[in-house]
$ cat start28.cif   # mmCIF, C-alpha atoms
data_run
#
loop_
_atom_site.label_atom_id
_atom_site.label_comp_id
_atom_site.auth_asym_id
_atom_site.auth_seq_id
_atom_site.Cartn_x
_atom_site.Cartn_y
_atom_site.Cartn_z
CA MET A 5 -57.83 9.63 -72.62
CA TYR A 6 -57.46 11.72 -69.48
CA SER A 7 -56.57 15.03 -71.10
CA THR A 8 -60.11 16.38 -70.70
CA LEU A 9 -60.04 16.24 -66.89
CA HIS A 10 -59.45 19.74 -65.51
CA CYS A 11 -60.62 19.43 -61.87
CA ASN A 12 -58.21 20.83 -59.35
CA PHE A 13 -58.36 17.77 -57.13
CA LEU A 14 -57.24 15.59 -60.11
CA ALA A 15 -54.17 17.67 -60.98
CA ARG A 16 -51.93 15.97 -58.44
CA PRO A 17 -53.12 12.42 -59.28
CA LEU A 18 -52.49 13.02 -63.02
CA ARG A 19 -48.96 14.21 -62.31
CA SER A 20 -48.42 11.07 -60.26
CA LEU A 21 -49.83 9.04 -63.13
CA ALA A 22 -47.51 10.67 -65.67
CA PHE A 23 -44.53 9.96 -63.46
CA ALA A 24 -45.63 6.36 -62.95
CA SER A 25 -46.09 5.77 -66.70
CA ARG A 26 -42.48 6.79 -67.38
CA ARG A 27 -41.09 4.26 -64.93
CA PRO A 28 -39.65 1.15 -66.54
CA ILE A 29 -41.76 -1.96 -66.18
CA ILE A 30 -39.91 -5.11 -65.15
CA GLN A 31 -40.17 -7.51 -68.05
CA SER A 32 -40.08 -11.23 -67.63
CA SER A 33 -38.39 -13.46 -70.17
CA LEU A 34 -41.58 -15.57 -70.35
CA TYR A 35 -43.64 -12.76 -72.04
CA THR A 36 -42.78 -11.12 -75.37
CA GLY A 37 -44.53 -9.28 -78.17
CA PRO A 38 -48.21 -8.38 -77.65
CA PHE A 39 -48.24 -9.92 -74.16
CA GLN A 40 -45.59 -7.43 -73.06
CA LEU A 41 -47.67 -4.50 -74.43
CA LYS A 42 -50.76 -5.83 -72.72
CA ALA A 43 -48.92 -6.02 -69.41
CA ARG A 44 -47.77 -2.39 -69.78
CA HIS A 45 -51.33 -1.19 -70.46
CA SER A 46 -52.60 -3.21 -67.50
CA ASN A 47 -50.10 -1.51 -65.18
CA VAL A 48 -51.11 1.95 -66.45
CA PHE A 49 -54.82 1.21 -65.99
CA THR A 50 -54.21 -0.10 -62.45
CA ALA A 51 -52.26 3.04 -61.54
CA VAL A 52 -55.04 5.28 -62.91
CA THR A 53 -57.76 3.42 -60.99
CA ARG A 54 -55.85 3.45 -57.71
CA VAL A 55 -54.90 7.14 -57.83
CA LEU A 56 -58.31 8.38 -58.98
CA SER A 57 -60.24 6.28 -56.44
CA THR A 58 -58.00 7.45 -53.60
CA SER A 59 -58.42 11.11 -54.60
CA CYS A 60 -62.20 10.80 -54.92
CA VAL A 61 -62.49 9.12 -51.53
CA ARG A 62 -60.40 11.84 -49.88
CA TRP A 63 -62.44 14.55 -51.61
CA SER A 64 -65.72 12.92 -50.53
CA ASP A 65 -64.55 12.61 -46.92
CA ARG A 66 -63.52 16.24 -46.85
CA LYS A 67 -66.90 17.39 -48.18
CA THR A 68 -68.72 15.21 -45.65
CA ASP A 69 -66.65 16.57 -42.76
CA ASP A 70 -67.25 20.15 -43.89
CA THR A 71 -70.99 19.53 -44.13
CA LYS A 72 -71.12 17.94 -40.70
CA GLY A 73 -69.08 20.75 -39.19
CA SER A 74 -71.34 23.44 -40.58
CA ALA A 75 -74.50 21.59 -39.56
CA ALA A 76 -73.23 20.93 -36.04
CA THR A 77 -72.52 24.61 -35.38
CA PRO A 78 -75.73 26.19 -34.03
CA PRO A 79 -76.45 29.91 -34.31
CA LEU A 80 -75.18 31.99 -31.40
CA ARG A 81 -77.97 34.59 -31.47
CA GLU A 82 -81.67 34.56 -30.67
CA ASN A 83 -84.66 36.85 -31.06
CA ILE A 84 -84.98 38.96 -27.92
CA TYR A 85 -87.67 41.35 -29.18
CA THR A 86 -90.67 39.35 -28.01
CA ILE A 87 -93.86 40.45 -26.25
CA PRO A 88 -93.00 38.62 -22.99
CA ASN A 89 -89.61 40.35 -22.86
CA LEU A 90 -91.23 43.75 -23.54
CA LEU A 91 -93.73 43.19 -20.72
CA THR A 92 -90.90 42.23 -18.41
CA VAL A 93 -88.94 45.36 -19.33
CA SER A 94 -92.06 47.48 -18.68
CA ARG A 95 -92.22 46.06 -15.15
CA ILE A 96 -88.61 47.07 -14.58
CA LEU A 97 -89.26 50.60 -15.87
CA SER A 98 -92.28 51.01 -13.57
CA CYS A 99 -90.20 50.40 -10.45
CA PRO A 100 -88.83 53.97 -10.10
CA VAL A 101 -92.39 55.33 -10.30
CA LEU A 102 -93.47 52.79 -7.69
CA GLY A 103 -90.68 53.84 -5.33
CA TRP A 104 -91.50 57.54 -5.84
CA SER A 105 -95.19 56.96 -5.05
CA ILE A 106 -94.40 55.16 -1.78
CA LEU A 107 -91.93 57.81 -0.62
CA HIS A 108 -94.56 60.50 -1.32
CA ASP A 109 -97.34 58.57 0.46
CA ASP A 110 -99.30 57.99 -2.75
CA PHE A 111 -100.27 54.42 -1.86
CA PHE A 112 -103.17 54.35 -4.32
CA LEU A 113 -100.76 54.77 -7.25
CA ALA A 114 -98.40 52.27 -5.65
CA THR A 115 -101.21 49.73 -5.35
CA GLY A 116 -102.17 50.24 -8.99
CA LEU A 117 -98.57 49.66 -10.10
CA LEU A 118 -98.42 46.49 -8.01
CA VAL A 119 -101.57 45.21 -9.71
CA TYR A 120 -100.05 45.97 -13.12
CA ALA A 121 -96.84 44.19 -12.15
CA GLY A 122 -98.76 41.08 -11.11
CA LEU A 123 -100.92 41.00 -14.25
CA SER A 124 -97.99 41.59 -16.61
CA ASP A 125 -96.04 38.83 -14.87
CA LEU A 126 -98.89 36.39 -15.49
CA ALA A 127 -99.31 37.61 -19.08
CA ASP A 128 -95.68 37.24 -20.15
CA GLY A 129 -95.52 33.74 -18.67
CA TYR A 130 -98.69 32.69 -20.50
CA LEU A 131 -97.56 34.15 -23.83
CA ALA A 132 -94.14 32.52 -23.58
CA ARG A 133 -95.71 29.10 -23.02
CA ARG A 134 -98.67 29.45 -25.39
CA PHE A 135 -96.83 30.85 -28.41
CA SER A 136 -93.35 29.37 -27.78
CA MET A 137 -91.71 32.76 -27.17
CA HIS A 138 -89.13 31.38 -24.78
CA SER A 139 -85.65 32.90 -24.81
CA VAL A 140 -82.53 32.65 -22.71
CA LEU A 141 -82.74 36.40 -22.09
CA GLY A 142 -86.27 35.90 -20.76
CA THR A 143 -85.00 33.48 -18.12
CA ILE A 144 -82.71 36.26 -16.92
CA LEU A 145 -85.05 39.25 -17.32
CA ASP A 146 -88.02 37.71 -15.51
CA PRO A 147 -86.25 37.08 -12.17
CA ALA A 148 -84.38 40.38 -12.63
CA ALA A 149 -87.72 42.22 -12.89
CA ASP A 150 -88.99 40.46 -9.77
CA LYS A 151 -85.84 41.38 -7.87
CA THR A 152 -85.95 44.99 -9.05
CA LEU A 153 -89.56 45.26 -7.93
CA MET A 154 -88.78 43.56 -4.63
CA THR A 155 -85.73 45.75 -3.98
CA THR A 156 -87.70 48.92 -4.69
CA LEU A 157 -90.50 47.91 -2.33
CA THR A 158 -88.12 46.71 0.38
CA VAL A 159 -86.01 49.86 0.43
CA THR A 160 -88.87 52.36 0.22
CA LEU A 161 -91.09 50.56 2.75
CA ALA A 162 -88.15 50.28 5.16
CA ILE A 163 -87.47 54.01 4.77
CA LYS A 164 -91.12 54.75 5.59
CA GLY A 165 -90.91 52.54 8.70
CA LEU A 166 -93.46 50.00 7.39
CA LEU A 167 -90.92 47.14 7.16
CA PRO A 168 -88.32 46.04 9.76
CA VAL A 169 -84.75 46.97 8.85
CA SER A 170 -83.51 43.49 9.81
CA LEU A 171 -85.85 41.81 7.31
CA ALA A 172 -84.94 44.35 4.66
CA SER A 173 -81.25 43.56 5.20
CA ILE A 174 -81.86 39.82 4.70
CA ILE A 175 -83.79 40.37 1.48
CA ILE A 176 -81.33 42.90 0.01
CA GLY A 177 -78.25 40.91 1.06
CA ARG A 178 -79.50 37.76 -0.66
CA ASP A 179 -80.33 39.62 -3.86
CA VAL A 180 -76.94 41.37 -3.95
CA LEU A 181 -75.09 38.05 -3.62
CA LEU A 182 -77.20 36.46 -6.37
CA SER A 183 -76.64 39.46 -8.65
CA LEU A 184 -72.87 39.30 -8.23
CA SER A 185 -72.98 35.56 -8.96
CA ALA A 186 -75.01 36.24 -12.13
CA PHE A 187 -72.39 38.73 -13.41
CA TYR A 188 -69.63 36.20 -12.78
CA ILE A 189 -71.51 33.35 -14.48
CA ARG A 190 -72.24 35.58 -17.48
CA TYR A 191 -68.53 36.29 -17.92
CA THR A 192 -67.33 32.71 -17.47
CA SER A 193 -70.00 31.21 -19.75
CA LEU A 194 -69.77 33.81 -22.55
CA PRO A 195 -68.33 32.26 -25.75
CA ALA A 196 -65.01 33.69 -26.92
CA PRO A 197 -64.03 36.40 -27.60
CA LYS A 198 -64.94 37.88 -24.22
CA THR A 199 -65.27 41.58 -25.08
CA PHE A 200 -67.17 44.36 -23.30
CA ALA A 201 -69.61 44.76 -26.20
CA ARG A 202 -70.35 41.04 -26.39
CA TYR A 203 -70.79 40.84 -22.62
CA TRP A 204 -73.70 43.30 -22.77
CA ASP A 205 -75.11 41.90 -26.04
CA PHE A 206 -77.90 39.77 -24.56
CA SER A 207 -78.84 38.34 -27.96
CA ILE A 208 -75.76 36.11 -27.42
CA PRO A 209 -76.99 33.54 -24.88
CA SER A 210 -74.46 31.99 -22.52
CA ALA A 211 -76.32 30.61 -19.49
CA GLU A 212 -79.92 30.34 -18.40
CA VAL A 213 -81.20 30.65 -14.86
CA ARG A 214 -83.71 28.11 -13.61
CA PRO A 215 -85.38 29.16 -10.35
CA THR A 216 -85.51 26.49 -7.68
CA THR A 217 -88.79 25.35 -6.13
CA ILE A 218 -88.22 27.09 -2.81
CA SER A 219 -87.27 30.31 -4.59
CA LYS A 220 -90.66 30.34 -6.32
CA TYR A 221 -92.41 30.04 -2.96
CA ASN A 222 -90.15 32.71 -1.55
CA THR A 223 -90.93 35.09 -4.41
CA PHE A 224 -94.66 34.58 -3.86
CA ALA A 225 -94.28 35.13 -0.10
CA GLN A 226 -92.24 38.29 -0.60
CA LEU A 227 -94.72 39.75 -3.09
CA ALA A 228 -97.62 38.92 -0.78
CA LEU A 229 -95.86 40.64 2.14
CA MET A 230 -94.97 43.72 0.09
CA CYS A 231 -98.50 44.02 -1.29
CA ALA A 232 -100.02 43.66 2.18
CA THR A 233 -97.62 46.24 3.59
CA THR A 234 -98.32 48.65 0.73
CA VAL A 235 -102.12 48.50 0.95
CA THR A 236 -102.24 48.58 4.78
CA PRO A 237 -102.12 52.43 4.96
CA ILE A 238 -105.22 52.73 2.76
CA LEU A 239 -107.25 49.96 4.45
CA PRO A 240 -109.51 50.45 7.47
CA ALA A 241 -107.91 49.70 10.83
CA GLN A 242 -110.07 46.63 11.49
CA TYR A 243 -108.55 44.65 8.62
CA ASN A 244 -105.82 42.27 9.84
CA LEU A 245 -103.56 40.98 7.05
CA PHE A 246 -101.25 38.95 9.35
CA VAL A 247 -98.26 41.09 8.42
CA PRO A 248 -96.01 40.05 11.38
CA GLU A 249 -96.51 36.34 10.62
CA MET A 250 -95.79 36.94 6.94
CA GLN A 251 -92.56 38.72 7.84
CA ILE A 252 -91.28 35.64 9.71
CA LEU A 253 -92.23 33.39 6.78
CA VAL A 254 -90.41 35.64 4.33
CA ALA A 255 -87.25 35.72 6.46
CA VAL A 256 -87.07 31.91 6.64
CA THR A 257 -87.81 31.27 2.94
CA THR A 258 -85.38 33.99 1.84
CA VAL A 259 -82.44 32.33 3.59
CA TRP A 260 -83.56 28.90 2.41
CA SER A 261 -83.87 29.96 -1.23
CA GLY A 262 -80.46 31.62 -1.19
CA LEU A 263 -78.85 28.38 -0.03
CA SER A 264 -80.77 26.41 -2.67
CA TYR A 265 -79.07 28.38 -5.47
CA VAL A 266 -75.69 27.53 -3.99
CA PHE A 267 -76.24 23.78 -3.62
CA SER A 268 -78.58 23.07 -6.53
CA LYS A 269 -77.03 21.68 -9.75
CA ASP A 270 -79.95 22.73 -11.99
CA ALA A 271 -80.26 26.38 -10.93
CA VAL A 272 -77.82 27.59 -13.61
CA ARG A 273 -77.38 25.71 -16.88
CA LEU A 274 -74.88 26.61 -19.58
CA VAL A 275 -76.28 26.98 -23.09
CA SER A 276 -73.51 24.77 -24.53
CA GLU A 277 -74.48 21.94 -22.17
CA THR A 278 -78.14 22.34 -23.10
CA ARG A 279 -77.34 22.07 -26.79
CA LYS A 280 -75.27 18.93 -26.28
CA LYS A 281 -78.30 17.20 -24.77
CA LEU A 282 -80.56 18.07 -27.72
CA PRO A 283 -81.25 15.10 -30.08
CA PRO A 284 -79.80 15.45 -33.59
CA SER A 285 -82.30 16.77 -36.11
#

$ encode --input "start28.cif" --output "structure tokens"
Amino acid sequence: MYSTLHCNFLARPLRSLAFASRRPIIQSSLYTGPFQLKARHSNVFTAVTRVLSTSCVRWSDRKTDDTKGSAATPPLRENIYTIPNLLTVSRILSCPVLGWSILHDDFFLATGLLVYAGLSDLADGYLARRFSMHSVLGTILDPAADKTLMTTLTVTLAIKGLLPVSLASIIIGRDVLLSLSAFYIRYTSLPAPKTFARYWDFSIPSAEVRPTTISKYNTFAQLALMCATTVTPILPAQYNLFVPEMQILVAVTTVWSGLSYVFSKDAVRLVSETRKKLPPS
């Protein structure tokens, strides 16, 4: 009856069945003849049902666990070749040209590059929101582009004597500390194995940076100060852009924003923690 079953998961149950059928059945003196044969067949049928049902249940549970395990494992890579990311990278690449133009007193070119930086920053943010082009790399590249631009302007304007050295030290010191923290967080949050190639493979997200509210105001204040300082040499002398007052505002907000990254719990969020909070699909 069961000779046609050739599934691998039934091989062990059939061997158990064959062994069970050879075991002597305890016969009672009250049953003889056909009743004894019927009792033997009943025992064999019960053994078959029990063994086969147990094997099928175990096989079904294993398939269900495998399916759940594969479905619960999200992909570790994301698309990083998006238009917002390309615009952000273009802002980073324009920084050396911006620094060169300031050091060579070409403030018209520097002003044009600042205008491009501002427009591209607005464009990549709009595209990311409008067409759902968000990425974990974008949350890292966008503030990195702002800091690269800010560092270039701070250093070059301080060299030209248009920005106080004390204010430049506050701005640069804060950015250096945040950069070192970002490298450390990238290493600790990177999924295993932690290799050099995987560390620099930014298609493998590990943590996303969420700027605090005060840091957004500080970024705006710094950009406003740098733009005002850059265009001052090409403006007529009667134009007052309140540069000294803006310098005090930038110094206060820079220190405040640096402390906010240290004490805020939402500034850096691990990708694994974000995925745990997502509702099951």

$ closest_residue --input "start28.cif" --among "A:Gly142, A:Leu153, A:Pro237, A:Leu90" --to "A:Asp110" --atoms "all atoms listed in the file"
A:Pro237

$ resolve_selection --input "start28.cif" --expression "the PyMOL selection byres ((chain A and resi 106) around 10)" --output "number ranges by chain"
A: 101-105, 107-115, 156-157, 160-161, 163-164, 234

$ closest_residue --input "start28.cif" --among "A:Ser139, A:Leu126, A:Arg133, A:Met154" --to "A:Ser210" --atoms "only C-alpha atoms"
A:Ser139

$ resolve_selection --input "start28.cif" --expression "the PyMOL selection byres ((chain A and resi 137) around 10)" --output "ChimeraX atom specification"
/A:83-89,128-136,138-139,142

$ resolve_selection --input "start28.cif" --expression "the PyMOL selection byres ((chain A and resi 193) around 7)" --output "PyMOL selection string"
chain A and resi 189-192+194-195+210-211+274

$ closest_residue --input "start28.cif" --among "A:Phe206, A:Leu141, A:Ala228, A:Asp150" --to "A:Asp179" --atoms "all atoms listed in the file"
A:Asp150

$ closest_residue --input "start28.cif" --among "A:Ala149, A:Val247, A:Val159, A:Val266" --to "A:Ile174" --atoms "only C-alpha atoms"
A:Val159
